[in-house]
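Please read the structure below before turning to the comments.
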Amino acid sequence: MPSTSECAIVVLAAGAGTRMKSDRQKTLHEIGGRSLLSHSLHAAASISPTHLVTVVGHQRDQVSPAVEEIARQLDTDILQAVQEEQKGTGHAVQVGLAALPQFEGTVVVTNGDVPLLTGETIQSLIDAHRAASAAVTVLTLDLDDPTGYGRIIRNAEGGVEKIVEEKDADDIQKSVSEVNSGVFAFDAAVLRDALTRLTTDNAQGELYITDVLAIARGDGNTVSAFTAPDARELAGVNDRAQLATAGKELNRRLVLRFMHGGATIVDPATTWIGADVEIGRDVTIHPNTQLWGSTVIGDGAVIGPDTTLTDMEVGPRASVVRTQGELSVIGADATVGPFTYLRPGTELGEGGKLGGFVESKNAKIGPGSKVPHLTYIGDATVGRESNIGASSVFANFDGVNKHHTTIGDYVRTGSDTMFVAPVNVGDGAYTGAGTVVTKDVPAGALAIKEGRQRNIEGWVEKNRPGTDAAQAAQKAREN
Ligand code: UD1
Ligand code: CA
């Protein structure tokens, strides 16, 4: 049953975004680990509107699947309306409205290229719109440099008369610093009617949503403006420079939020954190650290410096220094780094260690087990409290197929052991330094390579006479 307290949000994302000079549709460019469109839709969905519709058009083969994916993440319905030809923002809103079921109440229009807009501000706009019993309320901002934006033209009494686009504005209008954010609240009936009366009589030959204000006012409706408390929140992204500016501002907000949540961030300027990251209490993040995707950092963990983690889970009190990691789990109290590379599928157990110059992939390493130095461990399972000697390689690839290595509990393997998979090393077994393990090692056995070392006396002086080595050898013998 339609009621006037209902609200629909129309997010415009059909434009060509030519200023981006990109093969990717403009609203799919990312800041803070999410697309611009995803930020817009997260904000819209956060106020639980009755209907949420995205207008797609240009490059919709890219945009439509992205909207479907965002709807899944948000666990909400997002309608899609197709604007076949981009005839302007007014036309886009017409198309968006046509996709909605019979509806009365408030229609909020926002743009897919305004990524910093929050749900709170959308709600404040709706509240102001309803409190004023307005037919149209435009969210405005005051800018030192209003270039590029539509200007808010007020009459002598301060009432909003109309919006004039930059390209249609005269010099006096251009000097106005109050501009249109592109976000509006409309009474649905007034909007529907006004949309049928738009014309293309303007510099761009387009149907402008902004012209609805003058039409509504001409009909005697109340048209008002609500000024955003923080203009930075409404910065539109039309090119790559604005993308970087918005990305930095978003990061500033996210870092601040995590600091308020109890994390120490030593250098906010060089710490980048995505919007979907979670960080616990008493976490310390050192400079030049980037946390992306669905990364979760447990309480008391210490991350960085110089660390990039994407879709990682880091347990409480773990330490991760100068590390690159992706789609992996680091257990509680574990230590990782420096110069360590965790590829997808690494699971380091509680209190475990992956040390310097270690690369891991699809490796489950049990609690208390250590891979301390210069090792590649891939397609492996290691039990608890085992130690893998320095400079070892899990040779998992026979040139055609990948194979698995299983190491038991309390195993001690010597430096420079090659595990030629598939192979199993039993509980409590040892391997000697330089062993090439091609056969299973039973529990408690020592595996060593049979080849004995042979010394050929005097070989250097005979075969490399006159070299520094030969002279040093001769001197050593004479002493
Ligand atoms: C628009 C406003 C301007 C405002 C500015 C704020 C109009 C005419 N101008 O200008 O007053 O100051 O936003 O950022 O509304 N789009 C479609 N279909 C179209 C055309 C555009 O879906 O046919 C979408 C775009 O994808 C974009 C949004 O509408 O998300 C705004 O379009 P854009 O071309 O960026 O408008 P601006 O020039 O920024
Ligand atoms: Ca824009």
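Labels for the structure tokens follow display order: chains A, B, ..., residues from 1 in each chain, ligands from 1.
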Run DSSP on the backbone and tell me which residues of segment 158-213 of chain A come out as strand (DSSP E or B); list them as a PDB file with all heavy atoms, in the first residue's frame.
```pdb
ATOM      1  N   VAL A 160      14.658  29.512  -3.712  1.00  0.00           N
ATOM      2  CA  VAL A 160      15.339  28.892  -4.858  1.00  0.00           C
ATOM      3  C   VAL A 160      14.471  29.029  -6.106  1.00  0.00           C
ATOM      4  O   VAL A 160      13.340  28.565  -6.142  1.00  0.00           O
ATOM      5  CB  VAL A 160      15.633  27.396  -4.585  1.00  0.00           C
ATOM      6  CG1 VAL A 160      16.270  26.748  -5.811  1.00  0.00           C
ATOM      7  CG2 VAL A 160      16.532  27.243  -3.364  1.00  0.00           C
ATOM      8  N   GLU A 161      15.006  29.683  -7.134  1.00  0.00           N
ATOM      9  CA  GLU A 161      14.272  29.908  -8.381  1.00  0.00           C
ATOM     10  C   GLU A 161      14.519  28.786  -9.378  1.00  0.00           C
ATOM     11  O   GLU A 161      13.614  28.266 -10.003  1.00  0.00           O
ATOM     12  CB  GLU A 161      14.751  31.220  -9.020  1.00  0.00           C
ATOM     13  CG  GLU A 161      14.263  32.487  -8.339  1.00  0.00           C
ATOM     14  CD  GLU A 161      12.859  32.854  -8.798  1.00  0.00           C
ATOM     15  OE1 GLU A 161      12.520  32.566  -9.966  1.00  0.00           O
ATOM     16  OE2 GLU A 161      12.094  33.411  -7.980  1.00  0.00           O
ATOM     17  N   LYS A 162      15.791  28.454  -9.554  1.00  0.00           N
ATOM     18  CA  LYS A 162      16.150  27.488 -10.592  1.00  0.00           C
ATOM     19  C   LYS A 162      17.621  27.095 -10.465  1.00  0.00           C
ATOM     20  O   LYS A 162      18.356  27.655  -9.636  1.00  0.00           O
ATOM     21  CB  LYS A 162      15.910  28.086 -11.979  1.00  0.00           C
ATOM     22  CG  LYS A 162      16.710  29.356 -12.246  1.00  0.00           C
ATOM     23  CD  LYS A 162      16.425  29.907 -13.641  1.00  0.00           C
ATOM     24  CE  LYS A 162      17.135  31.249 -13.844  1.00  0.00           C
ATOM     25  NZ  LYS A 162      16.901  31.836 -15.146  1.00  0.00           N
ATOM     26  N   ILE A 163      18.028  26.129 -11.272  1.00  0.00           N
ATOM     27  CA  ILE A 163      19.447  25.764 -11.367  1.00  0.00           C
ATOM     28  C   ILE A 163      19.895  26.055 -12.792  1.00  0.00           C
ATOM     29  O   ILE A 163      19.192  25.705 -13.755  1.00  0.00           O
ATOM     30  CB  ILE A 163      19.666  24.267 -11.049  1.00  0.00           C
ATOM     31  CG1 ILE A 163      19.237  23.961  -9.608  1.00  0.00           C
ATOM     32  CG2 ILE A 163      21.125  23.863 -11.282  1.00  0.00           C
ATOM     33  CD1 ILE A 163      19.301  22.485  -9.239  1.00  0.00           C
ATOM     34  N   VAL A 164      21.038  26.697 -12.914  1.00  0.00           N
ATOM     35  CA  VAL A 164      21.583  26.964 -14.249  1.00  0.00           C
ATOM     36  C   VAL A 164      22.915  26.229 -14.392  1.00  0.00           C
ATOM     37  O   VAL A 164      23.814  26.377 -13.552  1.00  0.00           O
ATOM     38  CB  VAL A 164      21.789  28.484 -14.486  1.00  0.00           C
ATOM     39  CG1 VAL A 164      22.411  28.733 -15.858  1.00  0.00           C
ATOM     40  CG2 VAL A 164      20.460  29.213 -14.366  1.00  0.00           C
ATOM     41  N   GLU A 178      27.085  28.842  -4.547  1.00  0.00           N
ATOM     42  CA  GLU A 178      26.230  27.735  -4.094  1.00  0.00           C
ATOM     43  C   GLU A 178      25.879  26.877  -5.309  1.00  0.00           C
ATOM     44  O   GLU A 178      25.359  27.384  -6.303  1.00  0.00           O
ATOM     45  CB  GLU A 178      24.950  28.263  -3.435  1.00  0.00           C
ATOM     46  CG  GLU A 178      24.125  27.137  -2.806  1.00  0.00           C
ATOM     47  CD  GLU A 178      22.778  27.597  -2.244  1.00  0.00           C
ATOM     48  OE1 GLU A 178      22.349  28.722  -2.547  1.00  0.00           O
ATOM     49  OE2 GLU A 178      22.159  26.816  -1.511  1.00  0.00           O
ATOM     50  N   VAL A 179      26.172  25.579  -5.228  1.00  0.00           N
ATOM     51  CA  VAL A 179      25.984  24.731  -6.407  1.00  0.00           C
ATOM     52  C   VAL A 179      25.129  23.500  -6.090  1.00  0.00           C
ATOM     53  O   VAL A 179      24.933  23.126  -4.934  1.00  0.00           O
ATOM     54  CB  VAL A 179      27.342  24.262  -7.004  1.00  0.00           C
ATOM     55  CG1 VAL A 179      28.215  25.468  -7.352  1.00  0.00           C
ATOM     56  CG2 VAL A 179      28.062  23.305  -6.062  1.00  0.00           C
ATOM     57  N   ASN A 180      24.671  22.891  -7.185  1.00  0.00           N
ATOM     58  CA  ASN A 180      23.864  21.674  -7.125  1.00  0.00           C
ATOM     59  C   ASN A 180      24.764  20.458  -6.933  1.00  0.00           C
ATOM     60  O   ASN A 180      25.666  20.207  -7.730  1.00  0.00           O
ATOM     61  CB  ASN A 180      23.091  21.558  -8.452  1.00  0.00           C
ATOM     62  CG  ASN A 180      22.428  20.206  -8.628  1.00  0.00           C
ATOM     63  OD1 ASN A 180      22.117  19.528  -7.657  1.00  0.00           O
ATOM     64  ND2 ASN A 180      22.215  19.829  -9.884  1.00  0.00           N
ATOM     65  N   SER A 181      24.510  19.686  -5.885  1.00  0.00           N
ATOM     66  CA  SER A 181      25.302  18.470  -5.646  1.00  0.00           C
ATOM     67  C   SER A 181      24.885  17.344  -6.578  1.00  0.00           C
ATOM     68  O   SER A 181      25.582  16.342  -6.691  1.00  0.00           O
ATOM     69  CB  SER A 181      25.105  18.008  -4.202  1.00  0.00           C
ATOM     70  OG  SER A 181      23.756  17.563  -4.043  1.00  0.00           O
ATOM     71  N   GLY A 182      23.710  17.497  -7.236  1.00  0.00           N
ATOM     72  CA  GLY A 182      23.177  16.406  -8.052  1.00  0.00           C
ATOM     73  C   GLY A 182      22.286  15.469  -7.244  1.00  0.00           C
ATOM     74  O   GLY A 182      21.796  14.465  -7.766  1.00  0.00           O
ATOM     75  N   VAL A 183      22.077  15.793  -5.974  1.00  0.00           N
ATOM     76  CA  VAL A 183      21.241  14.966  -5.099  1.00  0.00           C
ATOM     77  C   VAL A 183      19.992  15.777  -4.746  1.00  0.00           C
ATOM     78  O   VAL A 183      20.092  16.942  -4.355  1.00  0.00           O
ATOM     79  CB  VAL A 183      22.001  14.577  -3.814  1.00  0.00           C
ATOM     80  CG1 VAL A 183      21.153  13.658  -2.938  1.00  0.00           C
ATOM     81  CG2 VAL A 183      23.323  13.915  -4.176  1.00  0.00           C
ATOM     82  N   PHE A 184      18.821  15.145  -4.933  1.00  0.00           N
ATOM     83  CA  PHE A 184      17.551  15.850  -4.720  1.00  0.00           C
ATOM     84  C   PHE A 184      16.567  14.949  -4.003  1.00  0.00           C
ATOM     85  O   PHE A 184      16.624  13.726  -4.121  1.00  0.00           O
ATOM     86  CB  PHE A 184      16.873  16.176  -6.068  1.00  0.00           C
ATOM     87  CG  PHE A 184      17.721  16.865  -7.081  1.00  0.00           C
ATOM     88  CD1 PHE A 184      18.541  16.126  -7.933  1.00  0.00           C
ATOM     89  CD2 PHE A 184      17.686  18.255  -7.220  1.00  0.00           C
ATOM     90  CE1 PHE A 184      19.304  16.763  -8.906  1.00  0.00           C
ATOM     91  CE2 PHE A 184      18.443  18.890  -8.189  1.00  0.00           C
ATOM     92  CZ  PHE A 184      19.258  18.149  -9.028  1.00  0.00           C
ATOM     93  N   ALA A 185      15.601  15.589  -3.312  1.00  0.00           N
ATOM     94  CA  ALA A 185      14.398  14.888  -2.850  1.00  0.00           C
ATOM     95  C   ALA A 185      13.214  15.525  -3.569  1.00  0.00           C
ATOM     96  O   ALA A 185      13.116  16.756  -3.644  1.00  0.00           O
ATOM     97  CB  ALA A 185      14.249  15.041  -1.341  1.00  0.00           C
ATOM     98  N   PHE A 186      12.347  14.669  -4.146  1.00  0.00           N
ATOM     99  CA  PHE A 186      11.183  15.160  -4.886  1.00  0.00           C
ATOM    100  C   PHE A 186       9.917  14.507  -4.348  1.00  0.00           C
ATOM    101  O   PHE A 186       9.936  13.324  -3.960  1.00  0.00           O
ATOM    102  CB  PHE A 186      11.258  14.739  -6.369  1.00  0.00           C
ATOM    103  CG  PHE A 186      12.396  15.298  -7.154  1.00  0.00           C
ATOM    104  CD1 PHE A 186      13.523  14.515  -7.404  1.00  0.00           C
ATOM    105  CD2 PHE A 186      12.334  16.583  -7.691  1.00  0.00           C
ATOM    106  CE1 PHE A 186      14.576  15.005  -8.165  1.00  0.00           C
ATOM    107  CE2 PHE A 186      13.385  17.076  -8.453  1.00  0.00           C
ATOM    108  CZ  PHE A 186      14.506  16.294  -8.698  1.00  0.00           C
ATOM    109  N   ASP A 187       8.817  15.247  -4.419  1.00  0.00           N
ATOM    110  CA  ASP A 187       7.521  14.602  -4.273  1.00  0.00           C
ATOM    111  C   ASP A 187       7.273  13.822  -5.572  1.00  0.00           C
ATOM    112  O   ASP A 187       7.408  14.374  -6.678  1.00  0.00           O
ATOM    113  CB  ASP A 187       6.428  15.654  -4.060  1.00  0.00           C
ATOM    114  CG  ASP A 187       5.051  15.018  -4.077  1.00  0.00           C
ATOM    115  OD1 ASP A 187       4.685  14.411  -3.072  1.00  0.00           O
ATOM    116  OD2 ASP A 187       4.381  15.089  -5.137  1.00  0.00           O
TER     117      ASP A 187
END
```
Run DSSP on the backbone of this structure and report the residues of segment 323-465 of chain A it assigns to helix (DSSP H, G or I), as a ChimeraX atom specification. /A:459-463
Produce as a PyMOL selection string the set of residues near ligand 2, where near means within 12 Å with only C-alpha atoms and all ligand atoms considered. chain A and resi 12-20+26-27+36+88-89+110-115+147-150+165+180-183+234-239+242-243
Since we have the selection now, will you write its residues out, keeping N, CA, C and O atoms, as a short mmCIF file (atom, residue, chain, number, x, y, z; two decimals), in the first residue's frame?
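Produced file selection.cif, reproduced below:
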```cif
data_model
loop_
_atom_site.label_atom_id
_atom_site.label_comp_id
_atom_site.auth_asym_id
_atom_site.auth_seq_id
_atom_site.Cartn_x
_atom_site.Cartn_y
_atom_site.Cartn_z
N LEU A 12 21.76 7.39 -10.59
CA LEU A 12 22.05 7.52 -12.02
C LEU A 12 23.47 7.04 -12.33
O LEU A 12 24.43 7.51 -11.74
N ALA A 13 23.56 6.10 -13.26
CA ALA A 13 24.88 5.57 -13.62
C ALA A 13 24.92 5.16 -15.09
O ALA A 13 25.56 4.18 -15.46
N ALA A 14 24.20 5.93 -15.92
CA ALA A 14 24.12 5.54 -17.33
C ALA A 14 25.04 6.37 -18.22
O ALA A 14 25.19 6.07 -19.40
N GLY A 15 25.63 7.39 -17.64
CA GLY A 15 26.40 8.34 -18.45
C GLY A 15 27.67 7.74 -19.05
O GLY A 15 28.15 6.69 -18.62
N ALA A 16 28.22 8.46 -20.04
CA ALA A 16 29.39 7.94 -20.75
C ALA A 16 30.68 8.17 -19.96
O ALA A 16 31.64 7.42 -20.09
N GLY A 17 30.71 9.19 -19.13
CA GLY A 17 31.91 9.45 -18.33
C GLY A 17 33.14 9.69 -19.19
O GLY A 17 34.22 9.19 -18.90
N THR A 18 32.97 10.48 -20.26
CA THR A 18 34.07 10.66 -21.23
C THR A 18 35.31 11.28 -20.61
O THR A 18 36.42 10.98 -21.05
N ARG A 19 35.13 12.11 -19.55
CA ARG A 19 36.29 12.80 -18.98
C ARG A 19 37.25 11.82 -18.29
O ARG A 19 38.39 12.16 -17.99
N MET A 20 36.78 10.61 -18.04
CA MET A 20 37.62 9.59 -17.40
C MET A 20 38.63 9.01 -18.41
O MET A 20 39.64 8.44 -18.01
N LYS A 26 32.61 4.80 -15.98
CA LYS A 26 33.11 5.70 -14.93
C LYS A 26 32.81 5.24 -13.52
O LYS A 26 33.69 5.23 -12.65
N THR A 27 31.55 4.84 -13.26
CA THR A 27 31.17 4.54 -11.87
C THR A 27 31.74 3.21 -11.39
O THR A 27 31.57 2.86 -10.22
N LEU A 36 32.89 3.30 -7.33
CA LEU A 36 32.14 4.52 -6.99
C LEU A 36 30.66 4.18 -6.85
O LEU A 36 29.97 4.62 -5.93
N GLY A 88 20.41 12.78 -21.16
CA GLY A 88 20.53 13.73 -20.07
C GLY A 88 19.98 13.19 -18.76
O GLY A 88 19.32 12.16 -18.71
N THR A 89 20.30 13.92 -17.67
CA THR A 89 19.94 13.46 -16.33
C THR A 89 18.42 13.41 -16.13
O THR A 89 17.92 12.54 -15.41
N THR A 110 20.11 10.48 -6.83
CA THR A 110 21.54 10.72 -6.57
C THR A 110 22.36 10.17 -7.74
O THR A 110 21.82 9.48 -8.60
N ASN A 111 23.63 10.48 -7.74
CA ASN A 111 24.49 10.08 -8.86
C ASN A 111 25.46 8.99 -8.45
O ASN A 111 25.95 8.99 -7.32
N GLY A 112 25.74 8.10 -9.37
CA GLY A 112 26.71 7.04 -9.11
C GLY A 112 28.13 7.53 -9.01
O GLY A 112 29.04 6.77 -8.67
N ASP A 113 28.35 8.81 -9.28
CA ASP A 113 29.71 9.34 -9.25
C ASP A 113 29.95 10.27 -8.06
O ASP A 113 30.83 11.12 -8.10
N VAL A 114 29.15 10.09 -6.98
CA VAL A 114 29.33 10.90 -5.76
C VAL A 114 29.60 9.93 -4.60
O VAL A 114 28.74 9.68 -3.77
N PRO A 115 30.81 9.37 -4.55
CA PRO A 115 31.06 8.21 -3.69
C PRO A 115 31.13 8.50 -2.19
O PRO A 115 31.04 7.57 -1.40
N THR A 147 33.35 25.89 -10.40
CA THR A 147 33.46 25.55 -11.82
C THR A 147 32.95 24.14 -12.11
O THR A 147 33.30 23.20 -11.41
N GLY A 148 32.11 24.03 -13.13
CA GLY A 148 31.65 22.72 -13.58
C GLY A 148 30.29 22.32 -13.02
O GLY A 148 29.62 21.46 -13.58
N TYR A 149 29.91 22.92 -11.92
CA TYR A 149 28.65 22.54 -11.27
C TYR A 149 27.50 23.44 -11.72
O TYR A 149 27.72 24.58 -12.16
N GLY A 150 26.26 22.96 -11.58
CA GLY A 150 25.07 23.78 -11.79
C GLY A 150 24.95 24.78 -10.64
O GLY A 150 25.15 24.42 -9.49
N GLU A 165 23.02 25.41 -15.41
CA GLU A 165 24.26 24.66 -15.65
C GLU A 165 25.38 25.61 -16.05
O GLU A 165 25.14 26.65 -16.67
N ASN A 180 24.67 22.89 -7.19
CA ASN A 180 23.86 21.67 -7.13
C ASN A 180 24.76 20.46 -6.93
O ASN A 180 25.67 20.21 -7.73
N SER A 181 24.51 19.69 -5.88
CA SER A 181 25.30 18.47 -5.65
C SER A 181 24.89 17.34 -6.58
O SER A 181 25.58 16.34 -6.69
N GLY A 182 23.71 17.50 -7.24
CA GLY A 182 23.18 16.41 -8.05
C GLY A 182 22.29 15.47 -7.24
O GLY A 182 21.80 14.46 -7.77
N VAL A 183 22.08 15.79 -5.97
CA VAL A 183 21.24 14.97 -5.10
C VAL A 183 19.99 15.78 -4.75
O VAL A 183 20.09 16.94 -4.36
N LEU A 234 30.31 15.68 -1.05
CA LEU A 234 29.54 15.68 -2.29
C LEU A 234 30.38 15.89 -3.53
O LEU A 234 29.87 16.12 -4.62
N ALA A 235 31.69 15.76 -3.37
CA ALA A 235 32.58 15.93 -4.52
C ALA A 235 32.23 14.89 -5.59
O ALA A 235 32.21 13.69 -5.31
N GLY A 236 31.93 15.36 -6.80
CA GLY A 236 31.65 14.45 -7.91
C GLY A 236 32.96 13.98 -8.53
O GLY A 236 33.94 14.71 -8.54
N VAL A 237 32.96 12.75 -9.03
CA VAL A 237 34.16 12.23 -9.68
C VAL A 237 33.90 12.14 -11.18
O VAL A 237 33.10 11.32 -11.63
N ASN A 238 34.55 13.01 -11.94
CA ASN A 238 34.38 13.00 -13.39
C ASN A 238 35.67 12.64 -14.13
O ASN A 238 35.63 12.24 -15.28
N ASP A 239 36.80 12.80 -13.44
CA ASP A 239 38.08 12.48 -14.09
C ASP A 239 39.01 11.83 -13.06
O ASP A 239 38.67 11.68 -11.89
N GLN A 242 40.01 13.87 -9.89
CA GLN A 242 38.95 13.88 -8.87
C GLN A 242 38.83 12.51 -8.21
O GLN A 242 38.48 12.41 -7.03
N LEU A 243 39.14 11.46 -8.96
CA LEU A 243 39.12 10.10 -8.40
C LEU A 243 40.15 9.99 -7.26
O LEU A 243 39.86 9.47 -6.18
#
```
Need the shell around Ala71 of chain A: protein/DNA/RNA residues with any atom at most 12 Å away, counting only C-alpha atoms. Skip same-chain ones fewer than 2 positions apart. Format as number ranges by chain? A: 37-38, 41-42, 44-45, 52-54, 64-69, 73-80
Go ahead and dump the residues you just picked, C-alpha atoms, as an mmCIF file, in the first residue's frame.
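Saved to result-v5.cif:
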```
data_model
loop_
_atom_site.group_PDB
_atom_site.id
_atom_site.type_symbol
_atom_site.label_atom_id
_atom_site.label_comp_id
_atom_site.auth_asym_id
_atom_site.auth_seq_id
_atom_site.Cartn_x
_atom_site.Cartn_y
_atom_site.Cartn_z
ATOM 1 C CA LEU A 37 28.770 2.945 -7.751
ATOM 2 C CA SER A 38 29.128 0.512 -4.861
ATOM 3 C CA LEU A 41 24.516 2.101 -3.474
ATOM 4 C CA HIS A 42 25.817 1.282 0.026
ATOM 5 C CA ALA A 44 21.408 4.536 -0.531
ATOM 6 C CA ALA A 45 20.686 1.076 0.876
ATOM 7 C CA LEU A 52 16.168 1.309 -4.935
ATOM 8 C CA VAL A 53 16.736 1.596 -8.678
ATOM 9 C CA THR A 54 19.923 2.118 -10.677
ATOM 10 C CA SER A 64 24.641 -4.499 -14.822
ATOM 11 C CA PRO A 65 26.619 -7.452 -13.448
ATOM 12 C CA ALA A 66 28.321 -5.069 -11.008
ATOM 13 C CA VAL A 67 24.918 -3.888 -9.726
ATOM 14 C CA GLU A 68 23.792 -7.514 -9.319
ATOM 15 C CA GLU A 69 26.932 -8.298 -7.328
ATOM 16 C CA GLN A 73 26.632 -8.135 -1.016
ATOM 17 C CA LEU A 74 24.000 -5.801 0.437
ATOM 18 C CA ASP A 75 21.396 -8.568 0.495
ATOM 19 C CA THR A 76 18.858 -6.143 -0.945
ATOM 20 C CA ASP A 77 16.819 -5.752 -4.140
ATOM 21 C CA ILE A 78 18.226 -3.241 -6.594
ATOM 22 C CA LEU A 79 16.105 -2.685 -9.680
ATOM 23 C CA GLN A 80 17.841 -1.809 -12.897
#
```
For Gly105 of chain A: contacts at 12 Å, only C-alpha atoms, fewer than 4 positions along chain excluded, given as a ChimeraX atom specification: /A:1-9,49-51,126,129-130,133-136,185-192
Can I get the selected residues back with C-alpha atoms, as a PDB file, in the first residue's frame?
```
ATOM      1  CA  MET A   1       0.000   0.000   0.000  1.00  0.00           C
ATOM      2  CA  PRO A   2       1.599   3.268  -1.091  1.00  0.00           C
ATOM      3  CA  SER A   3       1.944   5.874   1.614  1.00  0.00           C
ATOM      4  CA  THR A   4       3.582   9.296   1.615  1.00  0.00           C
ATOM      5  CA  SER A   5       6.235   8.170   4.089  1.00  0.00           C
ATOM      6  CA  GLU A   6       7.612   5.817   1.457  1.00  0.00           C
ATOM      7  CA  CYS A   7      10.872   6.613  -0.267  1.00  0.00           C
ATOM      8  CA  ALA A   8      12.450   5.513  -3.517  1.00  0.00           C
ATOM      9  CA  ILE A   9      16.061   6.210  -4.425  1.00  0.00           C
ATOM     10  CA  PRO A  49      14.332   2.811   0.999  1.00  0.00           C
ATOM     11  CA  THR A  50      11.115   1.160  -0.204  1.00  0.00           C
ATOM     12  CA  HIS A  51      12.617   0.966  -3.696  1.00  0.00           C
ATOM     13  CA  ILE A 126      14.675  13.705   3.326  1.00  0.00           C
ATOM     14  CA  HIS A 129      12.354  18.042   2.644  1.00  0.00           C
ATOM     15  CA  ARG A 130       9.463  16.666   4.679  1.00  0.00           C
ATOM     16  CA  SER A 133       6.564  20.203   3.113  1.00  0.00           C
ATOM     17  CA  ALA A 134       8.547  20.899  -0.028  1.00  0.00           C
ATOM     18  CA  ALA A 135       7.840  19.520  -3.492  1.00  0.00           C
ATOM     19  CA  VAL A 136      11.541  19.643  -4.359  1.00  0.00           C
ATOM     20  CA  ALA A 185      14.398  14.888  -2.850  1.00  0.00           C
ATOM     21  CA  PHE A 186      11.183  15.160  -4.886  1.00  0.00           C
ATOM     22  CA  ASP A 187       7.521  14.602  -4.273  1.00  0.00           C
ATOM     23  CA  ALA A 188       6.826  11.686  -6.634  1.00  0.00           C
ATOM     24  CA  ALA A 189       3.702  13.209  -8.238  1.00  0.00           C
ATOM     25  CA  VAL A 190       5.312  16.612  -8.824  1.00  0.00           C
ATOM     26  CA  LEU A 191       8.398  14.939 -10.293  1.00  0.00           C
ATOM     27  CA  ARG A 192       6.412  12.686 -12.667  1.00  0.00           C
TER      28      ARG A 192
END
```
At a cut-off of 6 Å, using only C-alpha atoms, what residues contact His373 of chain A? Leave out same-chain residues fewer than 5 positions from it and give the result as a CSV table (one decimal) with all heavy atoms, in the first residue's frame.
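As a result, part_31.csv now contains:
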```
chain,number,residue,atom,x,y,z
A,355,GLY,N,59.0,-17.0,8.3
A,355,GLY,CA,60.0,-16.0,8.4
A,355,GLY,C,60.5,-15.3,7.2
A,355,GLY,O,59.7,-15.3,6.2
A,356,GLY,N,61.7,-14.7,7.2
A,356,GLY,CA,62.2,-13.9,6.1
A,356,GLY,C,62.4,-14.7,4.8
A,356,GLY,O,62.9,-15.8,4.8
A,390,ALA,N,66.1,-24.1,7.0
A,390,ALA,CA,66.3,-23.0,6.1
A,390,ALA,C,66.5,-23.5,4.7
A,390,ALA,O,67.0,-24.5,4.4
A,390,ALA,CB,67.6,-22.2,6.5
```
